[in-house]
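Trainee: run.cif (mmCIF, C-alpha atoms) pasted underneath:
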```
data_work
loop_
_atom_site.label_atom_id
_atom_site.label_comp_id
_atom_site.auth_asym_id
_atom_site.auth_seq_id
_atom_site.Cartn_x
_atom_site.Cartn_y
_atom_site.Cartn_z
CA MET A 1282 -16.78 5.44 -13.94
CA THR A 1283 -16.41 6.10 -10.22
CA GLU A 1284 -13.57 8.17 -8.80
CA ALA A 1285 -11.93 5.03 -7.41
CA SER A 1286 -12.16 3.31 -10.81
CA ALA A 1287 -10.60 6.35 -12.47
CA VAL A 1288 -7.69 6.21 -10.02
CA LEU A 1289 -7.08 2.54 -10.80
CA ALA A 1290 -7.43 3.12 -14.55
CA GLN A 1291 -4.36 5.35 -14.47
CA LEU A 1292 -2.24 2.30 -13.64
CA ASP A 1293 -3.16 0.23 -16.70
CA SER A 1294 -0.50 1.78 -18.92
CA VAL A 1295 2.32 1.31 -16.40
CA GLY A 1296 2.53 -2.48 -16.50
CA ALA A 1297 1.09 -5.76 -15.33
CA TYR A 1298 2.37 -5.44 -11.77
CA PHE A 1299 0.49 -2.15 -11.39
CA THR A 1300 -2.84 -3.37 -12.75
CA VAL A 1301 -5.77 -4.13 -10.47
CA ARG A 1302 -8.94 -5.43 -12.06
CA TYR A 1303 -12.04 -3.86 -10.60
CA GLY A 1304 -15.81 -4.19 -10.75
CA GLU A 1305 -17.81 -7.33 -11.36
CA ARG A 1306 -15.99 -10.01 -13.32
CA PRO A 1307 -17.26 -12.90 -15.45
CA ASP A 1308 -14.51 -15.24 -14.18
CA PRO A 1309 -14.18 -14.81 -10.40
CA ASP A 1310 -13.17 -18.44 -9.81
CA GLY A 1311 -10.02 -18.83 -7.77
CA PHE A 1312 -10.02 -15.34 -6.28
CA ARG A 1313 -9.98 -15.11 -2.50
CA PRO A 1314 -9.58 -12.29 0.02
CA LEU A 1315 -5.93 -11.61 0.70
CA SER A 1316 -6.67 -11.99 4.40
CA ASP A 1317 -7.00 -15.75 3.73
CA LEU A 1318 -3.22 -15.92 3.24
CA TYR A 1319 -2.42 -14.26 6.53
CA GLY A 1320 -3.81 -16.75 9.02
CA THR A 1321 -1.24 -18.52 11.18
CA ASP A 1322 -3.45 -21.37 12.38
CA GLY A 1323 -3.14 -23.65 9.35
CA ALA A 1324 -2.20 -27.21 10.27
CA GLY A 1325 0.90 -28.61 8.65
CA ASP A 1326 1.75 -27.81 5.05
CA GLY A 1327 -0.66 -29.91 3.11
CA GLY A 1328 -1.16 -27.44 0.27
CA GLY A 1329 -4.88 -28.13 -0.02
CA ALA A 1330 -7.65 -25.72 -0.92
CA ALA A 1331 -8.38 -25.11 2.75
CA ASP A 1332 -4.77 -24.00 3.27
CA PRO A 1333 -4.21 -21.25 0.68
CA LEU A 1334 -0.84 -20.11 2.00
CA SER A 1335 0.65 -23.57 1.69
CA ALA A 1336 -0.93 -24.05 -1.74
CA TYR A 1337 0.60 -20.83 -3.03
CA VAL A 1338 4.03 -21.60 -1.56
CA ARG A 1339 4.03 -25.07 -3.07
CA LEU A 1340 3.04 -23.71 -6.48
CA TYR A 1341 5.94 -21.25 -6.30
CA ALA A 1342 8.26 -24.10 -5.32
CA ARG A 1343 7.18 -26.10 -8.39
CA ARG A 1344 7.74 -23.11 -10.64
CA MET A 1345 11.21 -22.56 -9.18
CA GLY A 1346 12.19 -26.22 -9.32
CA THR A 1347 13.01 -26.42 -5.62
CA ASP A 1348 11.88 -28.47 -2.66
CA GLN A 1349 12.92 -25.72 -0.22
CA LEU A 1350 9.61 -24.29 0.86
CA ARG A 1351 11.28 -21.54 2.89
CA VAL A 1352 12.87 -20.18 -0.30
CA ALA A 1353 9.58 -20.43 -2.18
CA ALA A 1354 7.78 -18.63 0.66
CA SER A 1355 10.32 -15.80 0.50
CA THR A 1356 9.81 -15.46 -3.24
CA LEU A 1357 6.02 -15.46 -2.85
CA GLN A 1358 6.27 -12.70 -0.25
CA LEU A 1359 8.53 -10.63 -2.50
CA GLY A 1360 6.11 -11.03 -5.41
CA LEU A 1361 3.07 -10.03 -3.38
CA ALA A 1362 4.91 -7.07 -1.88
CA ALA A 1363 5.85 -5.92 -5.38
CA ARG A 1364 2.21 -6.04 -6.51
CA LEU A 1365 0.96 -4.15 -3.46
CA TRP A 1366 3.66 -1.47 -3.49
CA SER A 1367 3.13 -0.94 -7.22
CA VAL A 1368 -0.56 -0.23 -6.78
CA ALA A 1369 -0.18 2.01 -3.72
CA LEU A 1370 2.86 3.88 -5.05
CA GLY A 1371 1.37 4.26 -8.51
CA THR A 1372 -1.96 5.64 -7.39
CA ALA A 1373 -0.36 7.95 -4.83
CA VAL A 1374 2.04 9.39 -7.40
CA LEU A 1375 -0.22 9.50 -10.47
CA ALA A 1376 -3.57 10.32 -8.85
CA GLY A 1377 -2.79 11.69 -5.42
CA ARG A 1378 -5.21 9.22 -3.82
CA LEU A 1379 -5.12 5.56 -2.82
CA PRO A 1380 -7.87 2.99 -3.33
CA ASP A 1381 -9.04 1.08 -0.28
CA LEU A 1382 -6.73 -1.98 -0.36
CA THR A 1383 -7.71 -3.58 2.95
CA PRO A 1384 -7.10 -7.35 3.00
CA GLU A 1385 -10.80 -8.22 3.31
CA ARG A 1386 -11.67 -6.08 0.28
CA LEU A 1387 -8.78 -6.90 -2.07
CA ARG A 1388 -8.89 -10.33 -3.76
CA VAL A 1389 -6.00 -12.37 -5.11
CA ARG A 1390 -5.58 -15.26 -7.52
CA LEU A 1391 -2.43 -17.21 -8.44
CA THR A 1392 -2.34 -18.87 -11.83
CA ASP A 1393 0.02 -21.62 -12.91
CA ASP A 1394 2.35 -19.41 -14.95
CA GLY A 1395 1.66 -15.73 -14.28
CA PRO A 1396 2.01 -13.12 -11.55
CA LEU A 1397 -0.46 -12.77 -8.72
CA GLU A 1398 -3.68 -11.23 -10.01
CA LEU A 1399 -5.48 -8.61 -7.91
CA TRP A 1400 -9.16 -7.72 -8.06
CA LEU A 1401 -11.31 -5.15 -6.26
CA PRO A 1402 -14.96 -6.15 -6.77
CA VAL A 1403 -16.24 -2.80 -5.43
CA PRO A 1404 -13.44 -0.21 -5.61
CA VAL A 1405 -13.63 2.76 -3.28
CA LEU A 1406 -11.07 5.35 -2.27
CA ALA A 1407 -9.25 5.04 1.03
CA PRO A 1408 -10.09 7.78 3.53
CA GLN A 1409 -7.82 10.80 3.40
CA GLY A 1410 -5.31 10.79 6.24
CA PRO A 1411 -4.63 13.74 8.51
CA GLN A 1412 -1.66 14.83 6.33
CA PRO A 1413 -2.72 14.37 2.68
CA ASP A 1414 0.34 16.28 1.47
CA HIS A 1415 2.64 13.64 3.03
CA PRO A 1416 1.61 10.36 1.37
CA ALA A 1417 4.44 8.15 2.70
CA GLY A 1418 2.47 7.31 5.83
CA ALA A 1419 -0.62 6.40 3.80
CA VAL A 1420 1.37 4.16 1.44
CA LEU A 1421 3.17 2.48 4.32
CA ALA A 1422 -0.10 1.87 6.18
CA ALA A 1423 -1.91 0.56 3.10
CA VAL A 1424 0.80 -1.96 2.22
CA TYR A 1425 3.03 -2.79 5.16
CA LEU A 1426 0.75 -2.36 8.13
CA ALA A 1427 -2.39 -3.76 6.52
CA HIS A 1428 -0.84 -6.59 4.49
CA LEU A 1429 2.83 -7.31 4.97
CA ARG A 1430 2.91 -7.23 8.76
CA PRO A 1431 0.29 -10.01 9.16
CA PHE A 1432 1.71 -11.86 6.16
CA HIS A 1433 5.18 -11.79 7.69
CA ALA A 1434 3.81 -13.18 10.95
CA ALA A 1435 2.24 -16.08 9.06
CA LEU A 1436 5.42 -16.80 7.09
CA ARG A 1437 7.60 -16.70 10.19
CA ALA A 1438 5.26 -19.05 12.04
CA ARG A 1439 4.91 -21.51 9.14
CA TYR A 1440 8.27 -21.40 7.38
CA GLY A 1441 10.70 -19.86 9.87
CA LEU A 1442 11.66 -16.93 7.65
CA SER A 1443 13.81 -14.30 9.29
CA PRO A 1444 12.16 -10.92 9.92
CA HIS A 1445 15.28 -9.33 8.40
CA THR A 1446 14.79 -11.27 5.17
CA LEU A 1447 11.12 -10.31 5.03
CA ARG A 1448 11.79 -6.62 5.66
CA GLY A 1449 14.53 -6.68 3.03
CA ASN A 1450 12.20 -8.31 0.53
CA ALA A 1451 9.60 -5.64 1.21
CA ALA A 1452 12.13 -2.85 0.67
CA SER A 1453 13.55 -4.44 -2.47
CA ALA A 1454 10.05 -4.89 -3.89
CA LEU A 1455 9.29 -1.21 -3.30
CA VAL A 1456 12.47 -0.17 -5.10
CA GLY A 1457 11.56 -2.43 -8.01
CA ALA A 1458 8.13 -0.79 -8.21
CA VAL A 1459 9.52 2.74 -8.29
CA ARG A 1460 12.10 1.72 -10.90
CA VAL A 1461 9.37 0.47 -13.24
CA LEU A 1462 7.14 3.49 -12.57
CA ASN A 1463 9.99 5.89 -13.31
CA GLY A 1464 10.78 4.08 -16.54
CA ARG A 1465 7.19 4.11 -17.77
CA ARG A 1466 6.19 7.54 -16.46
CA PRO A 1467 9.36 9.67 -16.43
CA GLU A 1468 7.39 12.84 -15.76
CA ALA A 1469 6.61 11.44 -12.30
CA GLU A 1470 10.18 10.32 -11.51
CA ALA A 1471 10.98 12.98 -8.92
CA ARG A 1472 7.73 12.43 -7.02
CA ALA A 1473 8.00 8.65 -7.12
CA THR A 1474 11.63 8.57 -6.00
CA ALA A 1475 11.00 11.01 -3.15
CA LEU A 1476 7.99 9.00 -1.98
CA ALA A 1477 9.92 5.72 -2.07
CA ALA A 1478 12.80 7.30 -0.15
CA ALA A 1479 10.39 8.54 2.53
CA VAL A 1480 8.80 5.10 2.90
CA LEU A 1481 12.19 3.38 3.08
CA ALA A 1482 13.32 5.79 5.78
CA SER A 1483 10.25 5.00 7.92
CA GLU A 1484 9.85 2.19 10.40
CA PRO A 1485 9.77 -0.73 10.01
CA LEU A 1486 11.71 -0.50 6.73
CA ALA A 1487 14.39 1.86 8.04
CA GLY A 1488 17.71 0.01 8.12
CA SER A 1489 16.70 -2.68 5.63
CA GLY A 1490 19.15 -1.33 3.04
CA ASP A 1491 20.89 1.70 1.60
CA PHE A 1492 18.86 3.82 -0.82
CA ILE A 1493 21.43 5.95 -2.64
CA VAL A 1494 20.10 8.82 -4.76
CA GLU A 1495 22.41 10.74 -7.08
CA GLU A 1496 20.96 13.87 -8.66
CA GLY A 1497 20.86 13.44 -12.41
CA LEU A 1498 21.89 9.77 -12.20
CA GLY A 1499 18.95 8.12 -10.48
CA PHE A 1500 19.20 5.77 -7.55
CA ALA A 1501 20.51 2.45 -6.35
CA PHE A 1502 19.41 0.17 -3.52
CA LEU A 1503 21.68 -2.23 -1.66
CA ARG A 1504 19.88 -4.41 0.84
CA ASN A 1505 21.31 -5.54 4.15
CA ASN A 1506 20.11 -9.14 3.81
CA CYS A 1507 19.35 -11.85 1.27
CA CYS A 1508 16.09 -13.18 -0.18
CA LEU A 1509 17.52 -16.75 -0.38
CA TYR A 1510 17.01 -17.03 -4.14
CA TYR A 1511 20.62 -18.17 -4.55
CA ARG A 1512 19.51 -21.49 -3.03
CA VAL A 1513 17.44 -22.27 -6.13
CA PRO A 1514 19.33 -24.32 -8.73
CA GLY A 1515 20.85 -21.78 -11.11
CA GLY A 1516 19.40 -18.90 -9.10
CA GLY A 1517 22.49 -16.82 -8.42
CA LEU A 1518 22.57 -13.54 -6.52
CA CYS A 1519 20.18 -10.64 -7.05
CA GLY A 1520 21.61 -7.27 -8.05
CA ASP A 1521 20.90 -5.66 -4.67
CA CYS A 1522 21.94 -8.62 -2.48
CA VAL A 1523 24.13 -8.13 0.56
CA LEU A 1524 26.17 -11.13 -0.56
CA ARG A 1525 27.05 -9.25 -3.75
CA HIS A 1526 27.58 -5.90 -2.00
CA PRO A 1527 29.02 -6.35 1.50
CA ARG A 1528 28.11 -3.44 3.74
CA SER A 1529 31.76 -2.68 4.50
CA SER A 1530 32.47 -1.87 0.84
CA ARG A 1531 29.51 0.44 0.13
CA PRO A 1532 29.46 4.16 -0.53
CA ALA A 1533 27.70 6.21 2.14
CA ALA A 1534 23.94 6.38 1.64
CA ARG A 1535 22.30 9.77 1.50
#
```
Would you give me this structure, written as structure tokens?
Mentor:
Amino acid sequence: MTEASAVLAQLDSVGAYFTVRYGERPDPDGFRPLSDLYGTDGAGDGGGAADPLSAYVRLYARRMGTDQLRVAASTLQLGLAARLWSVALGTAVLAGRLPDLTPERLRVRLTDDGPLELWLPVPVLAPQGPQPDHPAGAVLAAVYLAHLRPFHAALRARYGLSPHTLRGNAASALVGAVRVLNGRRPEAEARATALAAAVLASEPLAGSGDFIVEEGLGFAFLRNNCCLYYRVPGGGLCGDCVLRHPRSSRPAAR
């Protein structure tokens, strides 16, 4: 087992959203580089094989029972962000190193009824940054700068999603990842929470919501925007939604 494979193996026990398959696979059909989703030059919204972003959004829309593609696109982005943050946060906290998750290297597949699957055919470790003792910058670069920034540009161009909604989704997905990690690996709770707080305080996520940490009680996150899920029939409001927690009524974040 290579060092990169050993890093990824530490995530298997945390949960499905943290798992990345790696090495050669007997069933590679349907996987594509994540960079295929980030192009902004697709014509229309035909949903064909040559237009993977539209195909994924339309599959999400069918799952959700909605014809509002903007809402489905927001949900897709939140789901992908959750997968990416989980892997980067988990490896940084549990192993102290990140795998190379560049969009050309990391592959994705969406099945009819499950979460996005990730696969690294040839896993390698990401280069160590200039400040290895301060991993927030590495996690932010691996997820937001490499993946979410170009993905957000594509979603804004194709579906007109607000940059505030997309940043809020990214922040909410990160908080969800740290919540699961803390529940499954309580010995790493302090490190994981501190790392998430540092990422959320960094641009471009700074200001996307209030991350409130209470010693001995854990944390809460209240976002400053809405993911639009309430527009789905029977969807309701998420627990961290600004529509549920108006900013004027919140405790001071610290």
Trainee: Could you give me, as JSON lines, a per-residue list for stretch 1282-1391 of chain A showing, wherever an atom lies at most 9 Å from an atom of stretch 1504-1517 of chain A, the closest pair of atoms and their distance in Å to one decimal, using all atoms listed in the file and sorting by chain then residue number from low to high?
Mentor:
```
{"residue": "A:Met1345", "atom": "CA", "partner": "A:Val1513", "partner_atom": "CA", "distance": 6.9}
{"residue": "A:Gly1346", "atom": "CA", "partner": "A:Val1513", "partner_atom": "CA", "distance": 7.3}
{"residue": "A:Thr1347", "atom": "CA", "partner": "A:Val1513", "partner_atom": "CA", "distance": 6.1}
{"residue": "A:Gln1349", "atom": "CA", "partner": "A:Val1513", "partner_atom": "CA", "distance": 8.2}
{"residue": "A:Arg1351", "atom": "CA", "partner": "A:Leu1509", "partner_atom": "CA", "distance": 8.5}
{"residue": "A:Val1352", "atom": "CA", "partner": "A:Leu1509", "partner_atom": "CA", "distance": 5.8}
{"residue": "A:Ala1353", "atom": "CA", "partner": "A:Tyr1510", "partner_atom": "CA", "distance": 8.4}
{"residue": "A:Ser1355", "atom": "CA", "partner": "A:Cys1508", "partner_atom": "CA", "distance": 6.4}
{"residue": "A:Thr1356", "atom": "CA", "partner": "A:Cys1508", "partner_atom": "CA", "distance": 7.3}
{"residue": "A:Leu1359", "atom": "CA", "partner": "A:Cys1508", "partner_atom": "CA", "distance": 8.3}
```
Trainee: With C-alpha atoms kept, could you save the residues just selected as a tab-separated table (two decimals), in the frame of the given file?
Mentor:
```tsv
chain	number	residue	atom	x	y	z
A	1345	MET	CA	11.21	-22.56	-9.18
A	1346	GLY	CA	12.19	-26.22	-9.32
A	1347	THR	CA	13.01	-26.42	-5.62
A	1349	GLN	CA	12.92	-25.72	-0.22
A	1351	ARG	CA	11.28	-21.54	2.89
A	1352	VAL	CA	12.87	-20.18	-0.30
A	1353	ALA	CA	9.58	-20.43	-2.18
A	1355	SER	CA	10.32	-15.80	0.50
A	1356	THR	CA	9.81	-15.46	-3.24
A	1359	LEU	CA	8.53	-10.63	-2.50
```
Trainee: Please provide as a JSON list (two decimals) with C-alpha atoms, in the frame of the given file all residues within 12 Å of A:Arg1448, with the sequence filter that same-chain residues fewer than 6 positions apart are discarded (counting only C-alpha atoms).
Mentor:
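part.json, freshly written:
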```
[["chain", "number", "residue", "atom", "x", "y", "z"],
["A", 1355, "SER", "CA", 10.32, -15.80, 0.50],
["A", 1358, "GLN", "CA", 6.27, -12.70, -0.25],
["A", 1359, "LEU", "CA", 8.53, -10.63, -2.50],
["A", 1362, "ALA", "CA", 4.91, -7.07, -1.88],
["A", 1425, "TYR", "CA", 3.03, -2.79, 5.16],
["A", 1429, "LEU", "CA", 2.83, -7.31, 4.97],
["A", 1430, "ARG", "CA", 2.91, -7.23, 8.76],
["A", 1432, "PHE", "CA", 1.71, -11.86, 6.16],
["A", 1433, "HIS", "CA", 5.18, -11.79, 7.69],
["A", 1434, "ALA", "CA", 3.81, -13.18, 10.95],
["A", 1437, "ARG", "CA", 7.60, -16.70, 10.19],
["A", 1442, "LEU", "CA", 11.66, -16.93, 7.65],
["A", 1454, "ALA", "CA", 10.05, -4.89, -3.89],
["A", 1455, "LEU", "CA", 9.29, -1.21, -3.30],
["A", 1481, "LEU", "CA", 12.19, 3.38, 3.08],
["A", 1483, "SER", "CA", 10.25, 5.00, 7.92],
["A", 1484, "GLU", "CA", 9.85, 2.19, 10.40],
["A", 1485, "PRO", "CA", 9.77, -0.73, 10.01],
["A", 1486, "LEU", "CA", 11.71, -0.50, 6.73],
["A", 1487, "ALA", "CA", 14.39, 1.86, 8.04],
["A", 1488, "GLY", "CA", 17.71, 0.01, 8.12],
["A", 1489, "SER", "CA", 16.70, -2.68, 5.63],
["A", 1490, "GLY", "CA", 19.15, -1.33, 3.04],
["A", 1504, "ARG", "CA", 19.88, -4.41, 0.84],
["A", 1505, "ASN", "CA", 21.31, -5.54, 4.15],
["A", 1506, "ASN", "CA", 20.11, -9.14, 3.81],
["A", 1507, "CYS", "CA", 19.35, -11.85, 1.27],
["A", 1508, "CYS", "CA", 16.09, -13.18, -0.18]]
```
Trainee: For each of A:Ala1363, A:Leu1436, A:Ala1417, A:Val1338, take the minimum atom-to-atom distance to A:Ala1477, counting all atoms listed in the file, then give the residue where this is smallest.
Mentor: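 Of the candidates, the smallest distance to A:Ala1477 is held by A:Ala1417.
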Trainee: Between A:His1445, A:His1415, A:Arg1344, A:Arg1390, which residue has the minimum interatomic distance to A:Arg1378, considering only C-alpha atoms?
Mentor: A:His1415
Trainee: Of the candidates A:Leu1350, A:Val1301, A:Ala1451, A:Leu1370, which one gets nearest to A:Val1389 if we count only C-alpha atoms?
Mentor: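 Nearest to A:Val1389: A:Val1301.
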Trainee: What's the separation between atom CA of A:Arg1302 and atom CA of A:Leu1399, in Å to one decimal place?
Mentor: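 Value for the atom CA of A:Arg1302-atom CA of A:Leu1399 distance: 6.3 Å.
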Trainee: List, as a list in words, every residue that the PyMOL selection byres ((chain A and resi 1371) around 9) selects in the file provided.
Mentor: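 Output from the PyMOL selection byres ((chain A and resi 1371) around 9), applied to this file: Leu1289, Gln1291, Leu1292, Val1295, Phe1299, Trp1366, Ser1367, Val1368, Ala1369, Leu1370, Thr1372, Ala1373, Val1374, Leu1375, Ala1376, Leu1379, Ala1458, Val1459, Leu1462 and Ala1473 of chain A.
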Trainee: When you count all atoms listed in the file, which of these residues is closest to A:Ser1453: A:Leu1426, A:Val1288, A:Leu1361, A:Ala1407?
Mentor: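 Of A:Leu1426, A:Val1288, A:Leu1361, A:Ala1407, the one nearest A:Ser1453, counting all atoms listed in the file, is A:Leu1361.
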Trainee: Work out where the centre of an axis-aligned box around every listed atom of stretch 1500-1511 of chain A lies and how long its edges are once 3 Å is added on each side; give both in Å to one decimal as lines of an AutoDock Vina configuration file.
Mentor:
```
center_x = 18.9
center_y = -6.2
center_z = -1.7
size_x = 11.6
size_y = 29.9
size_z = 17.7
```
Trainee: Take atom CA of A:Leu1476 and atom CA of A:Gly1418 and report the distance between them in Å, one decimal.
Mentor: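 Separating atom CA of A:Leu1476 from atom CA of A:Gly1418 is a distance of 9.7 Å.
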Trainee: Tell me which residues come within 10 Å of (-9.7, -9.0, -5.5), as a PDB file with C-alpha atoms, in the frame of the given file, counting all atoms listed in the file in the file's coordinates.
Mentor:
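Contents of out.pdb, freshly written:
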```
ATOM      1  CA  VAL A1301      -5.770  -4.130 -10.470  1.00  0.00           C
ATOM      2  CA  ARG A1302      -8.940  -5.430 -12.060  1.00  0.00           C
ATOM      3  CA  TYR A1303     -12.040  -3.860 -10.600  1.00  0.00           C
ATOM      4  CA  GLY A1304     -15.810  -4.190 -10.750  1.00  0.00           C
ATOM      5  CA  PRO A1309     -14.180 -14.810 -10.400  1.00  0.00           C
ATOM      6  CA  PHE A1312     -10.020 -15.340  -6.280  1.00  0.00           C
ATOM      7  CA  ARG A1313      -9.980 -15.110  -2.500  1.00  0.00           C
ATOM      8  CA  PRO A1314      -9.580 -12.290   0.020  1.00  0.00           C
ATOM      9  CA  LEU A1315      -5.930 -11.610   0.700  1.00  0.00           C
ATOM     10  CA  LEU A1382      -6.730  -1.980  -0.360  1.00  0.00           C
ATOM     11  CA  PRO A1384      -7.100  -7.350   3.000  1.00  0.00           C
ATOM     12  CA  GLU A1385     -10.800  -8.220   3.310  1.00  0.00           C
ATOM     13  CA  ARG A1386     -11.670  -6.080   0.280  1.00  0.00           C
ATOM     14  CA  LEU A1387      -8.780  -6.900  -2.070  1.00  0.00           C
ATOM     15  CA  ARG A1388      -8.890 -10.330  -3.760  1.00  0.00           C
ATOM     16  CA  VAL A1389      -6.000 -12.370  -5.110  1.00  0.00           C
ATOM     17  CA  ARG A1390      -5.580 -15.260  -7.520  1.00  0.00           C
ATOM     18  CA  GLU A1398      -3.680 -11.230 -10.010  1.00  0.00           C
ATOM     19  CA  LEU A1399      -5.480  -8.610  -7.910  1.00  0.00           C
ATOM     20  CA  TRP A1400      -9.160  -7.720  -8.060  1.00  0.00           C
ATOM     21  CA  LEU A1401     -11.310  -5.150  -6.260  1.00  0.00           C
ATOM     22  CA  PRO A1402     -14.960  -6.150  -6.770  1.00  0.00           C
ATOM     23  CA  VAL A1403     -16.240  -2.800  -5.430  1.00  0.00           C
ATOM     24  CA  PRO A1404     -13.440  -0.210  -5.610  1.00  0.00           C
TER      25      PRO A1404
END
```
Trainee: Smallest atom-to-atom distance to A:Ala1452: which of A:Asp1381, A:Asp1394, A:Glu1468, A:Asp1521, using all atoms listed in the file?
Mentor: A:Asp1521
Trainee: Suppose you want the space between atom CA of A:Ala1478 and atom CA of A:Phe1492; what is it in Å?
Mentor: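 Between these atoms lies a distance of 7.0 Å.
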Trainee: Determine the nearest neighbour of A:Ser1335 from the options A:Tyr1440, A:Leu1447, A:Val1405, A:Asp1348, counting all atoms listed in the file.
Mentor: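 So, comparing all the options, the nearest one is A:Tyr1440.
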Trainee: Evaluate the PyMOL selection byres ((chain A and resi 1500) around 12) on the structure here and hand back the selected residues as a PyMOL selection string.
Mentor: chain A and resi 1456-1457+1459-1460+1463+1470-1471+1473-1475+1477-1478+1491-1499+1501-1503+1521+1534-1535
